[in-house]
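Here is final34.txt, consisting of compact mmCIF, C-alpha atoms:
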# COMPACT_ATOMS: atom_id res chain seq x y z
CA MET A 1 5.70 76.49 117.67
CA SER A 2 2.03 77.35 117.27
CA THR A 3 -0.54 74.57 117.03
CA ALA A 4 -1.72 75.95 113.68
CA ALA A 5 1.78 75.83 112.23
CA GLN A 6 2.35 72.29 113.47
CA SER A 7 -0.98 71.18 111.98
CA ASN A 8 -0.11 72.71 108.63
CA ILE A 9 3.25 70.94 108.63
CA ALA A 10 1.55 67.57 109.09
CA GLN A 11 -0.95 68.33 106.32
CA VAL A 12 1.74 69.48 103.89
CA GLY A 13 3.80 66.39 104.61
CA ASP A 14 0.83 64.08 104.09
CA ARG A 15 -0.23 65.78 100.87
CA TYR A 16 3.24 65.67 99.39
CA ASP A 17 3.73 62.06 100.41
CA GLU A 18 0.63 61.42 98.30
CA PHE A 19 1.72 63.77 95.51
CA SER A 20 5.13 62.11 95.31
CA ALA A 21 3.47 58.75 94.77
CA LEU A 22 1.43 60.28 91.97
CA HIS A 23 4.54 61.86 90.46
CA ALA A 24 6.13 58.41 90.38
CA VAL A 25 3.22 57.30 88.16
CA LEU A 26 3.92 60.23 85.88
CA SER A 27 7.64 59.53 85.75
CA ASP A 28 7.02 55.91 84.80
CA SER A 29 4.73 56.92 81.94
CA ASP A 30 5.82 57.68 78.40
CA LEU A 31 4.95 61.37 78.79
CA PRO A 32 7.87 63.84 78.83
CA VAL A 33 7.05 65.23 82.29
CA GLY A 34 10.55 65.08 83.75
CA SER A 35 11.56 64.73 87.38
CA ASN A 36 10.69 68.17 88.73
CA LEU A 37 7.72 68.79 91.01
CA HIS A 38 7.24 72.38 89.91
CA LEU A 39 5.64 74.32 87.09
CA GLY A 40 7.32 75.06 83.77
CA TYR A 41 8.57 78.22 82.09
CA TRP A 42 7.82 78.91 78.43
CA ASN A 43 9.84 81.72 76.87
CA ASP A 44 7.05 83.01 74.62
CA GLU A 45 3.98 81.88 72.67
CA HIS A 46 6.24 80.20 70.12
CA ASP A 47 8.06 78.05 72.69
CA GLU A 48 7.04 74.42 72.01
CA ALA A 49 8.92 72.95 74.98
CA ASP A 50 7.37 69.89 76.60
CA LEU A 51 6.77 69.92 80.35
CA ALA A 52 10.10 68.28 81.18
CA THR A 53 12.01 70.93 79.23
CA ALA A 54 9.87 73.76 80.59
CA THR A 55 10.49 72.75 84.20
CA GLU A 56 14.24 72.79 83.56
CA GLN A 57 13.85 76.22 81.98
CA LEU A 58 12.20 77.43 85.17
CA THR A 59 15.06 75.97 87.21
CA ARG A 60 17.50 77.94 85.05
CA GLN A 61 15.51 81.10 85.76
CA MET A 62 16.00 80.44 89.47
CA LEU A 63 19.72 79.79 88.97
CA LYS A 64 20.06 83.21 87.32
CA ARG A 65 18.52 84.89 90.35
CA LEU A 66 20.49 82.89 92.90
CA ALA A 67 23.80 83.51 91.08
CA PRO A 68 25.69 80.81 93.02
CA ARG A 69 29.46 80.49 93.03
CA PRO A 70 31.47 77.23 93.04
CA GLY A 71 32.08 75.78 96.46
CA GLN A 72 29.16 77.48 98.16
CA ARG A 73 26.90 75.73 100.68
CA ILE A 74 23.27 76.27 99.65
CA LEU A 75 20.00 75.55 101.47
CA ASP A 76 17.03 74.23 99.47
CA VAL A 77 13.87 74.88 101.52
CA GLY A 78 11.19 72.48 100.30
CA CYS A 79 13.32 70.21 98.15
CA GLY A 80 10.64 68.01 96.57
CA VAL A 81 12.15 64.82 95.16
CA GLY A 82 15.51 66.54 94.69
CA GLN A 83 15.76 67.38 91.00
CA PRO A 84 16.27 71.16 91.36
CA ALA A 85 18.92 70.58 94.03
CA MET A 86 20.78 68.16 91.78
CA SER A 87 20.51 70.53 88.80
CA LEU A 88 21.93 73.28 91.03
CA ALA A 89 24.81 71.11 92.23
CA ARG A 90 25.72 69.98 88.72
CA ALA A 91 25.48 73.39 87.07
CA CYS A 92 27.35 75.38 89.70
CA ASP A 93 29.63 72.93 91.55
CA VAL A 94 28.07 73.67 94.93
CA GLU A 95 26.98 71.71 97.99
CA VAL A 96 23.21 71.59 98.54
CA HIS A 97 21.27 70.75 101.69
CA GLY A 98 17.59 70.11 100.94
CA ILE A 99 14.81 69.90 103.51
CA SER A 100 11.19 68.77 103.33
CA VAL A 101 8.34 67.92 105.71
CA SER A 102 7.49 64.96 103.48
CA ARG A 103 9.43 61.91 104.63
CA ARG A 104 8.62 60.15 101.35
CA GLN A 105 10.19 63.02 99.41
CA VAL A 106 13.32 62.93 101.56
CA GLU A 107 13.67 59.21 100.90
CA GLN A 108 13.11 59.61 97.18
CA ALA A 109 15.45 62.58 96.89
CA THR A 110 18.19 60.77 98.81
CA ALA A 111 17.87 57.69 96.59
CA ARG A 112 17.99 59.85 93.47
CA ALA A 113 21.13 61.66 94.65
CA ASN A 114 22.80 58.33 95.36
CA GLU A 115 21.87 57.00 91.91
CA ALA A 116 23.21 60.17 90.30
CA GLY A 117 26.54 59.94 92.12
CA LEU A 118 25.90 63.23 93.92
CA ALA A 119 25.53 62.01 97.50
CA ASP A 120 28.80 63.69 98.47
CA ARG A 121 27.44 67.13 97.53
CA VAL A 122 23.64 66.86 97.74
CA ARG A 123 21.95 65.81 100.98
CA PHE A 124 18.34 65.76 102.11
CA GLU A 125 16.70 65.60 105.51
CA TYR A 126 13.35 65.96 107.22
CA ALA A 127 13.17 69.44 108.73
CA ASN A 128 10.73 72.26 109.42
CA ALA A 129 11.33 75.62 107.72
CA MET A 130 9.82 77.38 110.73
CA GLN A 131 12.59 76.04 112.96
CA LEU A 132 15.66 75.24 110.86
CA PRO A 133 18.12 72.87 112.54
CA TYR A 134 21.16 74.89 111.47
CA ALA A 135 23.46 77.39 113.14
CA ASP A 136 23.30 81.09 112.42
CA ALA A 137 25.14 82.23 109.28
CA SER A 138 25.87 78.66 108.14
CA PHE A 139 24.84 78.94 104.46
CA ASP A 140 26.13 80.96 101.51
CA ALA A 141 22.78 81.08 99.69
CA ALA A 142 19.26 79.64 99.78
CA TRP A 143 16.20 79.17 97.63
CA LEU A 144 12.53 78.45 98.22
CA PHE A 145 11.20 76.79 95.07
CA GLU A 146 7.38 76.74 95.27
CA SER A 147 7.52 76.08 99.00
CA LEU A 148 6.62 79.46 100.54
CA ILE A 149 3.10 78.99 99.16
CA HIS A 150 2.55 76.21 101.73
CA MET A 151 3.70 78.27 104.71
CA PRO A 152 1.00 80.31 106.48
CA GLU A 153 3.69 81.97 108.62
CA LYS A 154 5.69 83.29 105.69
CA GLU A 155 7.46 86.03 107.61
CA ARG A 156 8.63 83.51 110.19
CA ALA A 157 9.96 81.19 107.49
CA LEU A 158 11.85 84.02 105.79
CA LYS A 159 13.29 85.14 109.13
CA GLU A 160 14.60 81.62 109.72
CA VAL A 161 16.20 81.60 106.28
CA ALA A 162 17.74 85.01 106.96
CA ARG A 163 19.10 83.71 110.27
CA VAL A 164 21.02 80.83 108.69
CA LEU A 165 22.39 82.91 105.81
CA LYS A 166 25.74 84.65 106.01
CA PRO A 167 25.71 88.43 105.55
CA GLY A 168 25.71 89.26 101.85
CA SER A 169 24.19 85.91 100.88
CA ARG A 170 21.69 85.59 98.04
CA LEU A 171 18.15 84.24 98.27
CA ALA A 172 15.91 83.17 95.36
CA VAL A 173 12.17 82.54 95.66
CA ALA A 174 9.69 81.05 93.18
CA ASP A 175 6.19 81.55 94.51
CA MET A 176 2.57 81.69 93.50
CA PHE A 177 0.60 84.77 94.47
CA HIS A 178 -3.00 85.90 94.57
CA ARG A 179 -4.08 88.16 91.74
CA PRO A 180 -7.09 90.35 92.60
CA GLY A 181 -10.06 89.26 90.53
CA HIS A 182 -8.71 85.76 89.92
CA ASP A 183 -10.37 84.01 92.88
CA TRP A 184 -7.32 82.02 94.00
CA PRO A 185 -6.59 80.13 96.21
CA LEU A 186 -9.83 78.28 95.69
CA GLU A 187 -11.41 75.91 98.15
CA GLY A 188 -10.11 72.37 97.85
CA SER A 189 -6.66 72.61 99.35
CA GLU A 190 -5.83 73.05 103.02
CA ILE A 191 -2.15 73.73 102.43
CA VAL A 192 -2.07 76.75 100.12
CA THR A 193 -1.90 80.33 101.45
CA ALA A 194 -1.15 83.10 98.97
CA VAL A 195 -0.29 86.78 99.32
CA ASP A 196 -0.68 89.66 96.88
CA LEU A 197 2.24 90.66 94.67
CA ASP A 198 2.65 93.93 96.55
CA ASP A 199 3.08 92.08 99.88
CA TYR A 200 6.54 90.65 99.14
CA GLN A 201 8.39 93.90 99.77
CA GLU A 202 7.02 94.13 103.31
CA LEU A 203 7.61 90.41 103.93
CA PHE A 204 11.27 90.77 102.97
CA ASP A 205 11.68 93.97 104.99
CA ARG A 206 10.16 92.45 108.13
CA ALA A 207 12.32 89.33 107.74
CA GLY A 208 15.49 91.41 107.56
CA LEU A 209 16.09 90.68 103.89
CA ARG A 210 16.75 93.06 101.01
CA LEU A 211 14.54 92.54 97.94
CA LEU A 212 16.70 92.97 94.83
CA GLU A 213 14.43 91.87 91.99
CA ILE A 214 10.81 90.81 91.64
CA ASP A 215 9.44 89.54 88.33
CA ASP A 216 5.83 88.64 87.60
CA VAL A 217 6.29 85.75 85.15
CA SER A 218 2.68 84.53 85.25
CA ASP A 219 2.30 84.55 81.48
CA HIS A 220 5.33 82.26 81.15
CA THR A 221 3.96 79.53 83.46
CA ILE A 222 0.54 78.84 81.94
CA VAL A 223 0.71 75.30 80.59
CA PRO A 224 0.10 75.38 76.80
CA LEU A 225 -3.08 73.71 75.62
CA PRO A 226 -1.35 70.89 73.66
CA ILE A 227 0.51 69.84 76.82
CA GLN A 228 -2.66 70.11 78.92
CA THR A 229 -4.36 67.77 76.45
CA LYS A 230 -1.58 65.18 76.73
CA LEU A 231 -1.54 65.31 80.52
CA LYS A 232 -5.28 65.28 81.04
CA ASP A 233 -5.93 61.65 80.12
CA LEU A 234 -3.25 60.47 82.53
CA LEU A 235 -4.04 62.82 85.40
CA ALA A 236 -7.83 63.10 85.25
CA PRO A 237 -8.36 59.87 87.28
CA HIS A 238 -6.12 61.37 90.01
CA ARG A 239 -7.71 64.82 90.00
CA GLU A 240 -9.01 64.61 93.57
CA ALA A 241 -5.56 63.74 94.93
CA LEU A 242 -4.00 66.55 92.91
CA VAL A 243 -6.49 69.08 94.24
CA ARG A 244 -5.77 67.99 97.81
CA ALA A 245 -2.05 68.40 97.18
CA VAL A 246 -1.81 71.66 95.29
CA GLY A 247 -5.29 73.20 95.07
CA GLU A 248 -7.91 73.45 92.36
CA GLY A 249 -6.40 76.55 90.78
CA LEU A 250 -3.11 74.81 90.01
CA VAL A 251 -4.86 71.69 88.76
CA ASN A 252 -6.88 73.85 86.38
CA GLN A 253 -3.64 75.48 85.25
CA LEU A 254 -1.98 72.11 84.65
CA ILE A 255 -4.73 70.06 82.98
CA GLY A 256 -7.74 72.35 82.70
CA PRO A 257 -11.06 72.27 84.60
CA GLU A 258 -13.31 69.27 85.07
CA GLU A 259 -15.53 68.29 82.19
CA GLY A 260 -18.59 70.50 82.03
CA VAL A 261 -17.14 73.13 84.36
CA GLU A 262 -16.47 76.53 82.86
CA VAL A 263 -13.63 78.65 84.18
CA ARG A 264 -13.47 82.23 82.97
CA PRO A 265 -10.17 83.30 81.37
CA GLY A 266 -7.64 83.65 84.16
CA GLY A 267 -10.24 82.76 86.77
CA GLY A 268 -8.85 80.75 89.65
CA LEU A 269 -5.30 80.75 88.28
CA PRO A 270 -2.44 81.93 90.47
CA GLY A 271 0.12 84.49 89.53
CA TYR A 272 3.75 83.37 89.51
CA VAL A 273 6.67 85.43 90.73
CA LEU A 274 10.45 85.00 90.72
CA ILE A 275 12.33 86.94 93.39
CA ALA A 276 15.99 87.67 94.10
CA GLY A 277 17.06 88.99 97.47
CA GLU A 278 19.93 89.02 99.91
CA ARG A 279 20.70 89.13 103.58
CA PRO A 280 22.33 92.54 104.26

Encoding of this model in structure tokens:
Amino acid sequence: MSTAAQSNIAQVGDRYDEFSALHAVLSDSDLPVGSNLHLGYWNDEHDEADLATATEQLTRQMLKRLAPRPGQRILDVGCGVGQPAMSLARACDVEVHGISVSRRQVEQATARANEAGLADRVRFEYANAMQLPYADASFDAAWLFESLIHMPEKERALKEVARVLKPGSRLAVADMFHRPGHDWPLEGSEIVTAVDLDDYQELFDRAGLRLLEIDDVSDHTIVPLPIQTKLKDLLAPHREALVRAVGEGLVNQLIGPEEGVEVRPGGGLPGYVLIAGERP
């Protein structure tokens, strides 16, 4: 493993240990933020879903692309605190193995699965996506839910996922990408590396995966202004920690820029893509 990759893993783990602690503050508040550590999906400009509902809507978009079948064994690469994995297990009657480089997240996700009565079908462990601790062809499907963005060696990560998938298995990816002219990623986060939308085809090809569907859903993931307003008072005191964890562009997308700082329309905001693929 390269020194750069190992260093990034430590940084990602540290940042998400910190971010998970912040998320616990959110979860204990009276705001409807839910238990997911990912962005939301709003169907159109008339969708008045709160953040908790919108994050579940995004999870359902991923489920559609993964198309799991009952009884399958599915790998969740970058599991967060476990909510998407548990939603997947409940909705589709599957077994889910989640991994993270944040030990705090693994602990929280494991506790949540136990509390939900899902410990027999949903398990979490500390593991590195660049060197998965699983045998070849040992999973029926996999997803990377806002985790590829933190991996500078994206091709290597996708090759590892392809290795542990059985032939014909599905893969779903939710990722943030760089849009030319939008100046993202911005300085302020050491753990975010983005590619252009056109780069995914080559990434999948070089990893030995077949890209089936790629959808730019950027317009569906911009947090509506009323929700930004509600979140801002709670999150503004933690802005520095948020920027360290996910980058200034995403913080601007979630709660808006700092007071007195102007951000041009779309400036510094990432694009958002949902991808379906398979191992041939």

Among the residues A:Glu125, A:Glu95, A:Glu107, A:Glu213, the one that comes closest to A:Val81 [using only C-alpha atoms]: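 Closest to A:Val81, using only C-alpha atoms: A:Glu107.
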
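Here atom CA of A:Val243 is placed at a distance of 24.8 Å from atom CA of A:Gln57.
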
Two-atom distance - atom CA of A:Cys79, atom CA of A:Phe145 (Å):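 Spanning atom CA of A:Cys79 to atom CA of A:Phe145 is a straight-line distance of 7.6 Å.
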
Sel. within 8 Å of pt (32.0, 78.6, 94.8), counting all atoms listed in the file, output as a list in words: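 Protein and nucleic acid residues near the point are Pro68, Arg69, Pro70, Gly71, Gln72, Cys92, Asp93 and Val94 of chain A.
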
Interatomic distance (Å, one decimal) between atom CA of A:Asp120 and atom CA of A:Arg90: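 Distance reported for this atom pair: 12.0 Å.
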
Proximity to A:Val77 - best of A:Gln228, A:Gln108, A:Ser218, A:Ser100, all atoms listed in the file: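 The answer is A:Ser100, which sits nearest to A:Val77.
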
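Distances to A:Ala89 were evaluated for A:Thr59, A:Ser147, A:Thr53, A:Asn43 using only C-alpha atoms, and the minimum falls at A:Thr59.
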